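Note: the block below is my_file-v7.cif and it holds mmCIF, C-alpha atoms.
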```
data_final
loop_
_atom_site.label_atom_id
_atom_site.label_comp_id
_atom_site.auth_asym_id
_atom_site.auth_seq_id
_atom_site.Cartn_x
_atom_site.Cartn_y
_atom_site.Cartn_z
CA MET A 1 284.17 117.16 54.21
CA SER A 2 282.10 113.97 54.01
CA ILE A 3 279.53 113.24 56.68
CA SER A 4 279.12 109.64 57.77
CA ILE A 5 275.60 108.21 57.77
CA PRO A 6 274.32 107.43 61.31
CA GLN A 7 274.32 103.68 62.00
CA LEU A 8 271.89 101.59 64.03
CA PRO A 9 273.53 100.34 67.25
CA LYS A 10 274.35 96.63 67.09
CA GLY A 11 271.68 94.33 68.48
CA THR A 12 268.88 96.91 68.24
CA ARG A 13 266.02 97.47 65.78
CA ASP A 14 264.26 100.31 64.04
CA PHE A 15 260.48 100.11 63.90
CA TYR A 16 259.26 101.78 60.74
CA PRO A 17 255.44 101.94 60.60
CA GLU A 18 255.16 98.53 58.90
CA ALA A 19 257.26 96.88 61.61
CA GLU A 20 255.48 98.83 64.35
CA ARG A 21 252.13 97.47 63.16
CA ILE A 22 253.46 93.92 63.66
CA GLN A 23 254.86 94.92 67.05
CA ASN A 24 251.54 96.40 68.14
CA TYR A 25 249.74 93.24 67.04
CA ILE A 26 251.99 91.28 69.41
CA PHE A 27 251.51 93.82 72.22
CA ASP A 28 247.73 93.94 71.74
CA THR A 29 247.48 90.14 71.89
CA TRP A 30 249.69 89.96 74.98
CA ARG A 31 247.65 92.61 76.75
CA SER A 32 244.21 91.27 75.79
CA VAL A 33 244.99 87.73 76.99
CA ALA A 34 246.66 88.93 80.21
CA GLU A 35 243.65 91.10 80.99
CA SER A 36 241.25 88.25 80.15
CA PHE A 37 242.98 86.25 82.91
CA ALA A 38 242.52 89.26 85.28
CA TYR A 39 246.19 90.33 85.44
CA GLU A 40 246.81 94.03 86.13
CA GLU A 41 249.42 96.00 84.19
CA TYR A 42 252.36 97.69 85.93
CA GLU A 43 255.64 99.33 84.90
CA GLY A 44 258.94 100.41 86.41
CA PRO A 45 261.97 102.50 85.40
CA MET A 46 264.20 101.50 82.50
CA PHE A 47 267.22 101.63 84.81
CA GLU A 48 267.80 100.51 88.38
CA HIS A 49 270.61 100.62 90.89
CA LEU A 50 273.22 98.06 89.85
CA GLU A 51 273.05 96.38 93.27
CA LEU A 52 269.50 95.21 92.52
CA TYR A 53 270.98 92.82 89.93
CA THR A 54 274.25 91.94 91.66
CA GLY A 55 272.30 91.25 94.87
CA LYS A 56 270.16 88.75 92.97
CA SER A 57 272.71 87.17 90.62
CA GLY A 58 276.19 88.07 91.91
CA GLU A 59 278.91 90.31 90.47
CA GLU A 60 279.33 88.11 87.38
CA ILE A 61 276.03 89.48 86.03
CA VAL A 62 277.72 92.85 85.38
CA SER A 63 279.36 91.58 82.17
CA GLN A 64 275.86 91.02 80.72
CA LEU A 65 274.53 94.49 81.57
CA TYR A 66 274.60 97.98 80.16
CA ASN A 67 275.81 99.73 83.31
CA PHE A 68 277.27 103.16 84.06
CA LYS A 69 277.81 105.76 86.78
CA ASP A 70 275.38 108.67 86.72
CA LYS A 71 276.25 112.29 87.52
CA GLY A 72 275.71 111.58 91.20
CA ASP A 73 278.38 108.83 91.01
CA ARG A 74 275.71 106.14 91.51
CA GLU A 75 276.11 102.70 89.90
CA ILE A 76 273.19 102.28 87.49
CA ALA A 77 272.19 99.53 85.01
CA LEU A 78 269.62 99.38 82.23
CA ARG A 79 267.17 96.65 83.19
CA PRO A 80 268.03 93.22 81.67
CA GLU A 81 264.87 91.59 83.09
CA MET A 82 261.78 92.64 85.01
CA THR A 83 261.64 90.24 87.97
CA PRO A 84 264.08 92.21 90.21
CA THR A 85 262.08 95.40 89.59
CA LEU A 86 258.89 93.52 90.44
CA ALA A 87 260.51 92.19 93.62
CA ARG A 88 261.53 95.74 94.60
CA LEU A 89 257.99 97.01 94.03
CA VAL A 90 256.61 94.19 96.17
CA ILE A 91 259.14 94.79 98.96
CA GLN A 92 258.34 98.52 99.05
CA LYS A 93 254.62 97.96 99.60
CA ALA A 94 254.66 94.43 101.02
CA ARG A 95 252.08 95.11 103.73
CA GLU A 96 249.77 97.26 101.57
CA LEU A 97 249.34 94.86 98.66
CA LYS A 98 246.47 92.41 99.05
CA LYS A 99 247.79 88.97 98.21
CA PRO A 100 247.73 86.99 96.10
CA PHE A 101 247.80 89.38 93.14
CA LYS A 102 248.43 88.92 89.43
CA TRP A 103 250.43 91.51 87.48
CA PHE A 104 251.82 91.81 83.97
CA SER A 105 254.19 94.16 82.17
CA MET A 106 255.62 94.55 78.66
CA PRO A 107 258.98 96.26 79.27
CA ARG A 108 261.80 97.17 76.90
CA LEU A 109 264.88 95.31 78.19
CA PHE A 110 268.63 95.51 77.54
CA ARG A 111 271.35 92.86 77.70
CA TYR A 112 274.96 93.26 76.63
CA GLU A 113 275.58 89.98 74.85
CA LYS A 114 276.38 88.68 71.38
CA ALA A 115 273.58 89.62 69.00
CA GLN A 116 272.33 86.59 67.05
CA LYS A 117 269.13 85.08 65.67
CA GLY A 118 266.43 85.16 68.32
CA ARG A 119 268.56 87.18 70.76
CA LEU A 120 269.16 90.92 70.57
CA ARG A 121 270.66 93.49 72.92
CA GLU A 122 267.40 95.45 73.10
CA PHE A 123 264.05 93.67 73.08
CA PHE A 124 260.54 93.61 74.52
CA GLN A 125 259.22 90.95 76.84
CA LEU A 126 255.85 90.08 78.30
CA ASN A 127 256.12 89.35 82.01
CA MET A 128 253.26 87.75 83.94
CA ASP A 129 253.61 87.02 87.65
CA ILE A 130 251.52 85.86 90.59
CA ILE A 131 252.70 87.05 93.99
CA GLY A 132 251.66 85.86 97.42
CA THR A 133 250.76 82.18 97.08
CA GLU A 134 252.65 78.88 97.08
CA SER A 135 249.75 77.05 95.44
CA ILE A 136 250.52 75.01 92.33
CA TYR A 137 247.37 76.51 90.82
CA ALA A 138 249.32 79.74 90.28
CA GLU A 139 251.62 77.85 87.89
CA ALA A 140 248.53 76.33 86.27
CA ASP A 141 247.04 79.80 85.73
CA LEU A 142 250.22 81.10 84.10
CA MET A 143 250.57 78.09 81.79
CA ALA A 144 246.90 78.32 80.80
CA ALA A 145 247.52 81.97 79.89
CA ILE A 146 250.57 81.02 77.81
CA ALA A 147 248.66 78.34 75.91
CA THR A 148 245.70 80.67 75.37
CA MET A 149 248.03 83.36 74.08
CA LEU A 150 249.80 81.10 71.60
CA ARG A 151 246.46 79.75 70.40
CA LYS A 152 245.23 83.31 69.89
CA PHE A 153 248.30 84.02 67.78
CA GLY A 154 247.12 81.10 65.61
CA LEU A 155 249.43 78.30 66.75
CA LYS A 156 247.91 74.84 67.18
CA ASP A 157 248.53 72.69 70.26
CA GLY A 158 250.81 70.40 68.26
CA GLU A 159 253.02 73.30 67.21
CA PHE A 160 254.27 74.30 70.67
CA ALA A 161 254.89 72.62 74.01
CA ILE A 162 255.27 73.86 77.58
CA GLY A 163 258.03 71.74 79.10
CA VAL A 164 257.79 71.42 82.89
CA SER A 165 260.45 70.52 85.43
CA SER A 166 261.06 71.19 89.13
CA ARG A 167 264.08 72.67 90.87
CA LYS A 168 262.71 71.22 94.11
CA LEU A 169 262.66 67.74 92.55
CA LEU A 170 266.13 68.18 91.10
CA ALA A 171 267.50 69.44 94.43
CA THR A 172 266.15 66.40 96.29
CA TYR A 173 267.63 64.06 93.68
CA LEU A 174 271.02 65.76 93.94
CA GLU A 175 270.83 65.15 97.69
CA GLU A 176 269.89 61.48 97.13
CA ILE A 177 272.95 60.83 94.96
CA GLY A 178 275.22 62.80 97.29
CA ALA A 179 276.13 65.59 94.84
CA PRO A 180 278.19 68.35 96.47
CA ASN A 181 277.36 72.08 96.09
CA PRO A 182 274.20 72.11 93.90
CA SER A 183 274.71 75.84 93.20
CA LEU A 184 277.66 74.87 90.98
CA VAL A 185 275.66 72.10 89.30
CA TYR A 186 272.57 74.07 88.20
CA PRO A 187 274.33 76.28 85.61
CA VAL A 188 275.92 73.18 84.08
CA LEU A 189 272.60 71.34 83.92
CA ASP A 190 271.03 74.36 82.20
CA ARG A 191 273.58 73.95 79.38
CA ARG A 192 273.21 70.17 79.11
CA LEU A 193 271.57 70.04 75.68
CA LYS A 194 273.76 72.82 74.27
CA ILE A 195 277.28 71.54 75.00
CA GLY A 196 277.21 67.83 74.13
CA PRO A 197 277.61 64.77 76.40
CA GLU A 198 281.42 64.88 76.76
CA ALA A 199 281.56 68.56 77.67
CA PHE A 200 278.56 68.06 79.98
CA ALA A 201 280.28 65.20 81.83
CA LYS A 202 283.50 67.21 82.16
CA ALA A 203 281.68 70.30 83.48
CA LEU A 204 279.89 68.18 86.11
CA ALA A 205 283.19 66.54 87.08
CA ASP A 206 284.66 70.03 87.52
CA ALA A 207 281.67 70.80 89.78
CA GLY A 208 282.66 67.85 91.99
CA LEU A 209 280.51 64.97 90.72
CA SER A 210 281.86 61.44 90.30
CA GLU A 211 281.47 59.48 87.07
CA ASP A 212 278.67 57.42 88.64
CA GLN A 213 276.85 60.56 89.83
CA VAL A 214 277.13 62.10 86.35
CA LYS A 215 275.57 58.98 84.78
CA LYS A 216 272.73 58.88 87.34
CA LEU A 217 272.02 62.57 86.83
CA ASP A 218 272.02 62.27 83.04
CA ASP A 219 269.64 59.28 83.23
CA PHE A 220 267.37 61.20 85.60
CA MET A 221 267.17 64.22 83.30
CA SER A 222 266.33 61.94 80.37
CA CYS A 223 263.12 60.69 82.00
CA LYS A 224 260.04 61.40 79.86
CA SER A 225 257.27 60.40 82.27
CA ILE A 226 256.38 60.75 85.94
CA GLU A 227 256.38 56.93 86.23
CA GLU A 228 260.04 56.82 85.11
CA VAL A 229 260.96 59.45 87.68
CA LYS A 230 259.14 57.59 90.46
CA ALA A 231 261.37 54.59 89.84
CA LYS A 232 264.50 56.69 90.44
CA VAL A 233 263.61 58.79 93.51
CA HIS A 234 262.91 57.61 97.02
CA SER A 235 262.80 60.55 99.42
CA GLU A 236 259.64 62.07 100.86
CA ASN A 237 260.59 65.49 99.47
CA ALA A 238 261.01 64.06 95.97
CA THR A 239 257.60 62.39 96.19
CA ALA A 240 256.03 65.71 97.25
CA ALA A 241 257.71 67.56 94.37
CA LEU A 242 256.45 64.93 91.92
CA GLN A 243 252.94 65.23 93.34
CA GLU A 244 253.02 68.96 92.55
CA ILE A 245 253.76 68.18 88.91
CA GLU A 246 250.99 65.56 88.79
CA ASP A 247 248.49 68.03 90.28
CA LEU A 248 249.60 70.69 87.80
CA PHE A 249 249.14 68.38 84.81
CA ALA A 250 245.75 67.15 86.06
CA THR A 251 244.52 70.74 86.49
CA LEU A 252 245.68 71.82 83.03
CA THR A 253 244.15 68.70 81.47
CA ALA A 254 240.80 69.46 83.14
CA ALA A 255 240.94 73.00 81.74
CA GLY A 256 241.62 71.77 78.20
CA TYR A 257 245.38 72.37 78.05
CA GLY A 258 246.62 68.81 78.56
CA GLU A 259 248.06 68.58 75.03
CA CYS A 260 250.11 71.73 75.61
CA VAL A 261 252.28 70.50 78.52
CA ASN A 262 254.80 67.73 79.05
CA LEU A 263 257.45 66.64 81.53
CA ASP A 264 260.91 67.85 80.52
CA LEU A 265 263.55 67.46 83.23
CA SER A 266 266.22 68.88 80.92
CA ILE A 267 264.77 72.30 81.79
CA VAL A 268 266.67 73.79 84.72
CA ARG A 269 266.70 77.57 84.21
CA GLY A 270 270.16 78.86 85.13
CA LEU A 271 269.10 81.65 87.48
CA ALA A 272 269.77 80.82 91.11
CA TYR A 273 266.56 82.30 92.53
CA TYR A 274 264.20 79.57 91.23
CA THR A 275 262.90 77.33 94.03
CA GLY A 276 260.16 75.08 92.59
CA ILE A 277 258.45 74.45 89.26
CA VAL A 278 260.39 75.77 86.25
CA PHE A 279 259.17 75.71 82.66
CA GLU A 280 260.08 76.71 79.13
CA VAL A 281 257.99 76.95 75.97
CA PHE A 282 259.35 75.75 72.65
CA ASP A 283 258.13 75.24 69.14
CA LYS A 284 257.45 71.51 68.83
CA GLY A 285 260.70 70.69 67.05
CA LYS A 286 262.80 72.93 69.35
CA SER A 287 264.25 74.52 66.21
CA MET A 288 264.37 77.94 67.92
CA ARG A 289 265.26 79.37 71.28
CA ALA A 290 262.63 79.16 74.01
CA ILE A 291 259.54 81.25 73.25
CA ALA A 292 258.98 81.79 76.98
CA GLY A 293 260.40 80.62 80.28
CA GLY A 294 259.93 81.06 83.99
CA GLY A 295 259.30 79.42 87.30
CA ARG A 296 258.74 79.78 91.03
CA TYR A 297 260.95 82.15 93.05
CA ASP A 298 259.69 82.00 96.65
CA SER A 299 262.86 83.45 98.21
CA LEU A 300 263.71 86.36 95.88
CA THR A 301 262.20 89.17 97.97
CA GLU A 302 263.96 87.80 101.04
CA LYS A 303 267.25 87.64 99.15
CA LEU A 304 266.86 91.30 98.20
CA GLY A 305 266.30 92.39 101.80
CA GLY A 306 262.53 92.09 102.24
CA GLU A 307 260.31 89.55 103.93
CA ARG A 308 259.76 86.19 102.26
CA ILE A 309 256.88 86.48 99.78
CA PRO A 310 256.31 83.60 97.35
CA GLY A 311 256.08 84.31 93.65
CA VAL A 312 255.97 82.63 90.26
CA GLY A 313 256.12 84.10 86.78
CA PHE A 314 257.44 83.94 83.24
CA GLY A 315 258.83 86.09 80.47
CA MET A 316 257.97 85.82 76.75
CA GLY A 317 260.29 87.71 74.39
CA ASP A 318 259.04 89.37 71.22
CA VAL A 319 261.99 88.38 69.01
CA VAL A 320 261.65 84.58 69.03
CA LEU A 321 257.85 84.85 69.07
CA ALA A 322 257.82 87.02 65.93
CA ASP A 323 260.24 84.61 64.20
CA LEU A 324 257.98 81.67 65.05
CA LEU A 325 254.80 83.42 63.88
CA ALA A 326 256.53 84.45 60.65
CA GLU A 327 257.64 80.86 60.06
CA HIS A 328 254.01 79.71 60.41
CA LYS A 329 252.77 82.65 58.30
CA LEU A 330 250.67 83.92 61.20
CA LEU A 331 251.71 87.57 61.24
CA PRO A 332 249.17 90.09 59.93
CA SER A 333 249.87 92.24 56.90
CA PRO A 334 252.24 95.08 57.80
CA LYS A 335 250.48 97.42 55.37
CA GLN A 336 248.40 100.30 56.63
CA SER A 337 244.62 99.98 56.55
CA VAL A 338 242.22 102.88 57.16
CA ASP A 339 238.45 102.87 57.20
CA PHE A 340 237.74 106.03 55.22
CA TYR A 341 239.59 108.36 52.89
CA ILE A 342 237.92 111.77 52.41
CA ALA A 343 238.47 113.16 48.90
CA SER A 344 237.47 116.36 47.09
CA PHE A 345 237.12 117.08 43.38
CA THR A 346 237.47 120.84 44.03
CA ASN A 347 240.15 120.63 46.76
CA ASP A 348 237.76 122.14 49.30
CA MET A 349 240.08 121.44 52.26
CA LYS A 350 237.77 123.00 54.85
CA LYS A 351 235.00 120.61 53.80
CA VAL A 352 237.49 117.71 53.77
CA PHE A 353 238.57 118.40 57.39
CA GLU A 354 234.97 118.94 58.51
CA THR A 355 233.78 115.64 56.96
CA ALA A 356 236.76 113.71 58.28
CA GLN A 357 235.84 114.77 61.79
CA VAL A 358 232.22 113.73 61.25
CA PHE A 359 233.35 110.18 60.48
CA ARG A 360 235.87 110.08 63.36
CA ASN A 361 233.08 111.09 65.74
CA ALA A 362 230.56 108.69 64.24
CA ALA A 363 231.14 106.05 66.93
CA GLY A 364 229.35 108.45 69.27
CA ASN A 365 229.49 107.84 73.00
CA THR A 366 229.94 104.10 72.72
CA ASN A 367 233.10 102.24 73.66
CA ALA A 368 233.69 101.38 70.01
CA LYS A 369 237.11 102.19 68.58
CA PRO A 370 236.95 105.42 66.53
CA PHE A 371 237.07 105.00 62.77
CA SER A 372 240.43 105.68 61.14
CA VAL A 373 240.08 108.49 58.61
CA ALA A 374 242.68 109.81 56.16
CA HIS A 375 242.58 112.69 53.66
CA PRO A 376 244.88 114.82 51.52
CA LEU A 377 246.97 117.48 53.26
CA ALA A 378 247.37 119.68 50.18
CA ALA A 379 245.49 120.39 46.97
CA MET A 380 245.99 117.60 44.43
CA LYS A 381 244.29 116.01 41.45
CA MET A 382 241.70 113.31 42.12
CA GLY A 383 243.93 110.65 40.59
CA LYS A 384 246.63 111.37 43.14
CA GLN A 385 244.08 111.37 45.95
CA LEU A 386 242.92 107.89 44.89
CA ASP A 387 246.54 106.73 44.67
CA GLN A 388 247.03 107.91 48.26
CA ALA A 389 243.81 106.19 49.34
CA ASN A 390 245.05 102.94 47.81
CA TYR A 391 248.48 103.30 49.40
CA GLN A 392 246.91 103.81 52.84
CA GLY A 393 244.61 100.81 52.37
CA ALA A 394 241.37 102.80 52.53
CA LYS A 395 238.25 100.65 52.48
CA ILE A 396 235.89 103.45 51.41
CA VAL A 397 236.56 106.76 49.67
CA VAL A 398 234.03 109.50 50.50
CA TYR A 399 233.72 112.43 48.06
CA VAL A 400 232.73 115.66 49.83
CA ASP A 401 231.54 117.42 46.65
CA GLY A 402 230.16 114.75 44.32
CA SER A 403 227.52 116.15 41.94
CA LYS A 404 225.12 113.20 42.41
CA ALA A 405 224.74 113.56 46.17
CA ALA A 406 221.80 115.41 47.74
CA GLU A 407 222.06 117.56 50.86
CA GLY A 408 223.28 115.45 53.81
CA GLU A 409 224.57 112.69 51.52
CA PHE A 410 227.89 111.82 49.88
CA GLU A 411 229.03 109.93 46.84
CA TYR A 412 231.34 107.16 47.98
CA LYS A 413 233.34 104.27 46.52
CA ASP A 414 233.84 100.88 48.12
CA MET A 415 237.50 100.28 47.27
CA ARG A 416 237.15 96.56 48.02
CA THR A 417 234.66 96.02 45.19
CA GLY A 418 235.07 99.12 43.03
CA GLU A 419 231.33 99.95 43.34
CA MET A 420 229.99 103.53 43.60
CA PHE A 421 227.11 104.52 45.90
CA VAL A 422 225.32 107.56 47.29
CA GLY A 423 224.23 107.71 50.92
CA ASN A 424 224.32 109.49 54.26
CA VAL A 425 226.90 108.90 56.99
CA ALA A 426 224.92 106.04 58.55
CA ALA A 427 224.58 104.22 55.22
CA ILE A 428 228.30 104.63 54.50
CA ILE A 429 229.18 103.20 57.91
CA ASP A 430 226.82 100.28 57.30
CA ARG A 431 228.64 99.60 54.00
CA LEU A 432 231.92 99.48 55.93
#
```

Whole structure given in structure tokens:
Amino acid sequence: MSISIPQLPKGTRDFYPEAERIQNYIFDTWRSVAESFAYEEYEGPMFEHLELYTGKSGEEIVSQLYNFKDKGDREIALRPEMTPTLARLVIQKARELKKPFKWFSMPRLFRYEKAQKGRLREFFQLNMDIIGTESIYAEADLMAAIATMLRKFGLKDGEFAIGVSSRKLLATYLEEIGAPNPSLVYPVLDRRLKIGPEAFAKALADAGLSEDQVKKLDDFMSCKSIEEVKAKVHSENATAALQEIEDLFATLTAAGYGECVNLDLSIVRGLAYYTGIVFEVFDKGKSMRAIAGGGRYDSLTEKLGGERIPGVGFGMGDVVLADLLAEHKLLPSPKQSVDFYIASFTNDMKKVFETAQVFRNAAGNTNAKPFSVAHPLAAMKMGKQLDQANYQGAKIVVYVDGSKAAEGEFEYKDMRTGEMFVGNVAAIIDRL
């Protein structure tokens, strides 16, 4: 009887050590930048009650979820995004949490949708959110963090752009032109650049807009500057929404991020809970899906049954980001690299383990990261030990029983130059 080989589920990935090193590089960069902006890390469960998502997005969201009934006959869904979980956490301790606060998370998420380039069914996403303030400076802080992060990954300002729009501005313009039922219009506008002008016009007509309203709306969303927008809007609310964008751009320019942001009214963000500024981050040529996206959601906690607490945040997925960094040749080598490899001519394994621990402990009581130390796990010829040291990317090979070393010293080889030396532990570390 033949046994079939287990297959990887569609839309998921395996992370062999080489791939995991790349993944950890992304995670480490996300975390270090978030913490440098004073965001605190949080987490939640991988699954939630289904109603948390249907309450936010309606029953139609179910087709995009991995959902099931548990043994207690409860409707459960694997989390497709983190914002509803964050909202639940905020609602549960609304009066205890000192506001405003800044949190981040790097969850594994699940969406049941067609797997394609840049979009998988299982993925990781950085989420950064500011809760408890309506100030536009919260958006400025988030966008500064995004730009800092992408710069740290090695991208230059001209290689990415944070496009900024405003649901508040769009809502006031829809009112000005007399558009009926904006809730039907937003999902269409979010697909504007993906479906072509004819399909776009038809979808808006189906949502109740006249031919003249469709043309006005298309012209509005094509504006590339605040001055162009000012010529098209007239209400006090629209002027206030525009002023928010101007203040945001001025703040980011003062902080050195002016080249990273631009007005892009084609950005709508399809989710219904956005209430103000929305933004998406693209590579400059928009040759890929959005690297990140988010916006202000001041009514989400209220919609989910809590008190109204303003919030703004974004998500940055690992899949598109890794594709972009690979395209720019900015990913680190996936090969292993260790500091020391402990070798023995006589296969004295007790001495090998003892010396390995000496080097691991050599950082002492400082906050320095411990040295990475490898060694053989069975008796083998020196040639094979050196092959293993090379394979593991060892920088220095330390011989525990070299004949030229005095008491308290070791013979060692700098694998980067091929040179041999004799010295004590401190000298070997200095060579590293």

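Each of A:Tyr66, A:Phe27, A:Tyr391, A:Phe160 was compared to Arg121 in chain A using only C-alpha atoms, and A:Tyr66 turns out to be the nearest.
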
### Output check: residues returned by the PyMOL selection byres ((chain A and resi 278-292) around 6), as a list in words
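So the PyMOL selection byres ((chain A and resi 278-292) around 6) ends up selecting Glu159, Phe160, Ala161, Ile162, Gly163, Val164, Ser165, Ser166, Ile277, Gly293, Gly294, Gly295, Gly315, Met316, Val320 and Leu321 of chain A.
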
Counting only C-alpha atoms, which residues in range 229-346 of chain A sit no more than 10 Å from range 143-149 of chain A? For each one, give the nearest pair of atoms and the distance in Å, sorted by chain then residue number, as a tab-separated table.
```
residue	atom	partner	partner_atom	distance
A:Leu248	CA	A:Met143	CA	9.6
A:Thr251	CA	A:Ala144	CA	9.8
A:Leu252	CA	A:Ala144	CA	7.0
A:Ala255	CA	A:Ala144	CA	8.0
A:Gly256	CA	A:Ala144	CA	8.8
A:Tyr257	CA	A:Ala144	CA	6.7
A:Gly258	CA	A:Ala144	CA	9.8
A:Glu259	CA	A:Ala147	CA	9.8
A:Cys260	CA	A:Ala147	CA	6.8
A:Val261	CA	A:Met143	CA	8.4
A:Phe279	CA	A:Met143	CA	9.0
A:Glu280	CA	A:Met143	CA	10.0
A:Val281	CA	A:Ile146	CA	8.7
A:Ala292	CA	A:Ile146	CA	8.5
A:Gly313	CA	A:Met143	CA	9.6
A:Phe314	CA	A:Met143	CA	9.1
A:Met316	CA	A:Ile146	CA	8.9
```

### Task
Considering all atoms listed in the file, state which residue in the set A:Pro182, A:Gly306, A:Gly418, A:Gly423 is at the smallest distance from Gly208 in chain A.
A:Pro182

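Here CA of Pro334 in chain A is placed at a distance of 10.1 Å from CA of Tyr16 in chain A.
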
### Message
For the provided coordinates, the residues matched by the PyMOL selection byres ((chain A and resi 88-93) around 9) should be stated as number ranges by chain.
### Response
A: 44, 52, 83-87, 94-97, 131, 301-302, 304-307, 309

### Query
What is the CA of Gln64 in chain A-CA of Ala207 in chain A distance in Å, reported with one decimal?
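Between CA of Gln64 in chain A and CA of Ala207 in chain A the gap is 22.9 Å.
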
For range 35-38 of chain A, find every residue with an atom within 9 Å (counting all atoms listed in the file), except residues of its own chain fewer than 5 positions away, and show them as a CSV table (one decimal) with C-alpha atoms, in the coordinates of the input.
```csv
chain,number,residue,atom,x,y,z
A,30,TRP,CA,249.7,90.0,75.0
A,102,LYS,CA,248.4,88.9,89.4
A,103,TRP,CA,250.4,91.5,87.5
A,104,PHE,CA,251.8,91.8,84.0
A,141,ASP,CA,247.0,79.8,85.7
A,142,LEU,CA,250.2,81.1,84.1
A,145,ALA,CA,247.5,82.0,79.9
```

For Tyr297 in chain A: contacts at 6 Å, all atoms listed in the file, fewer than 4 positions along chain excluded, given as a PDB file with C-alpha atoms, in the coordinates of the input:
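The new file result02.pdb reads:
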```
ATOM      1  CA  TYR A 273     266.560  82.300  92.530  1.00  0.00           C
ATOM      2  CA  TYR A 274     264.200  79.570  91.230  1.00  0.00           C
ATOM      3  CA  THR A 275     262.900  77.330  94.030  1.00  0.00           C
ATOM      4  CA  GLY A 311     256.080  84.310  93.650  1.00  0.00           C
ATOM      5  CA  VAL A 312     255.970  82.630  90.260  1.00  0.00           C
TER       6      VAL A 312
END
```

### Which residue of A:His234, A:Lys395, A:Lys10, A:Lys404 approaches Arg416 in chain A most closely, using all atoms listed in the file
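Nearest to Arg416 in chain A: A:Lys395.
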
### Length of the CA of Val233 in chain A to CA of Lys202 in chain A vector [Å]
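Spanning CA of Val233 in chain A to CA of Lys202 in chain A is a straight-line distance of 24.4 Å.
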
#### Entry: Closest of A:Leu242, A:Leu65, A:Ala374, A:Val352 to Leu109 in chain A - atom-to-atom distances counting all atoms listed in the file
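Of A:Leu242, A:Leu65, A:Ala374, A:Val352, the one nearest Leu109 in chain A, counting all atoms listed in the file, is A:Leu65.
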
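Shortest atom-to-atom contact with Leu170 in chain A among A:Ser135, A:Ser344, A:Gln125, A:Thr239: A:Thr239, counting all atoms listed in the file.
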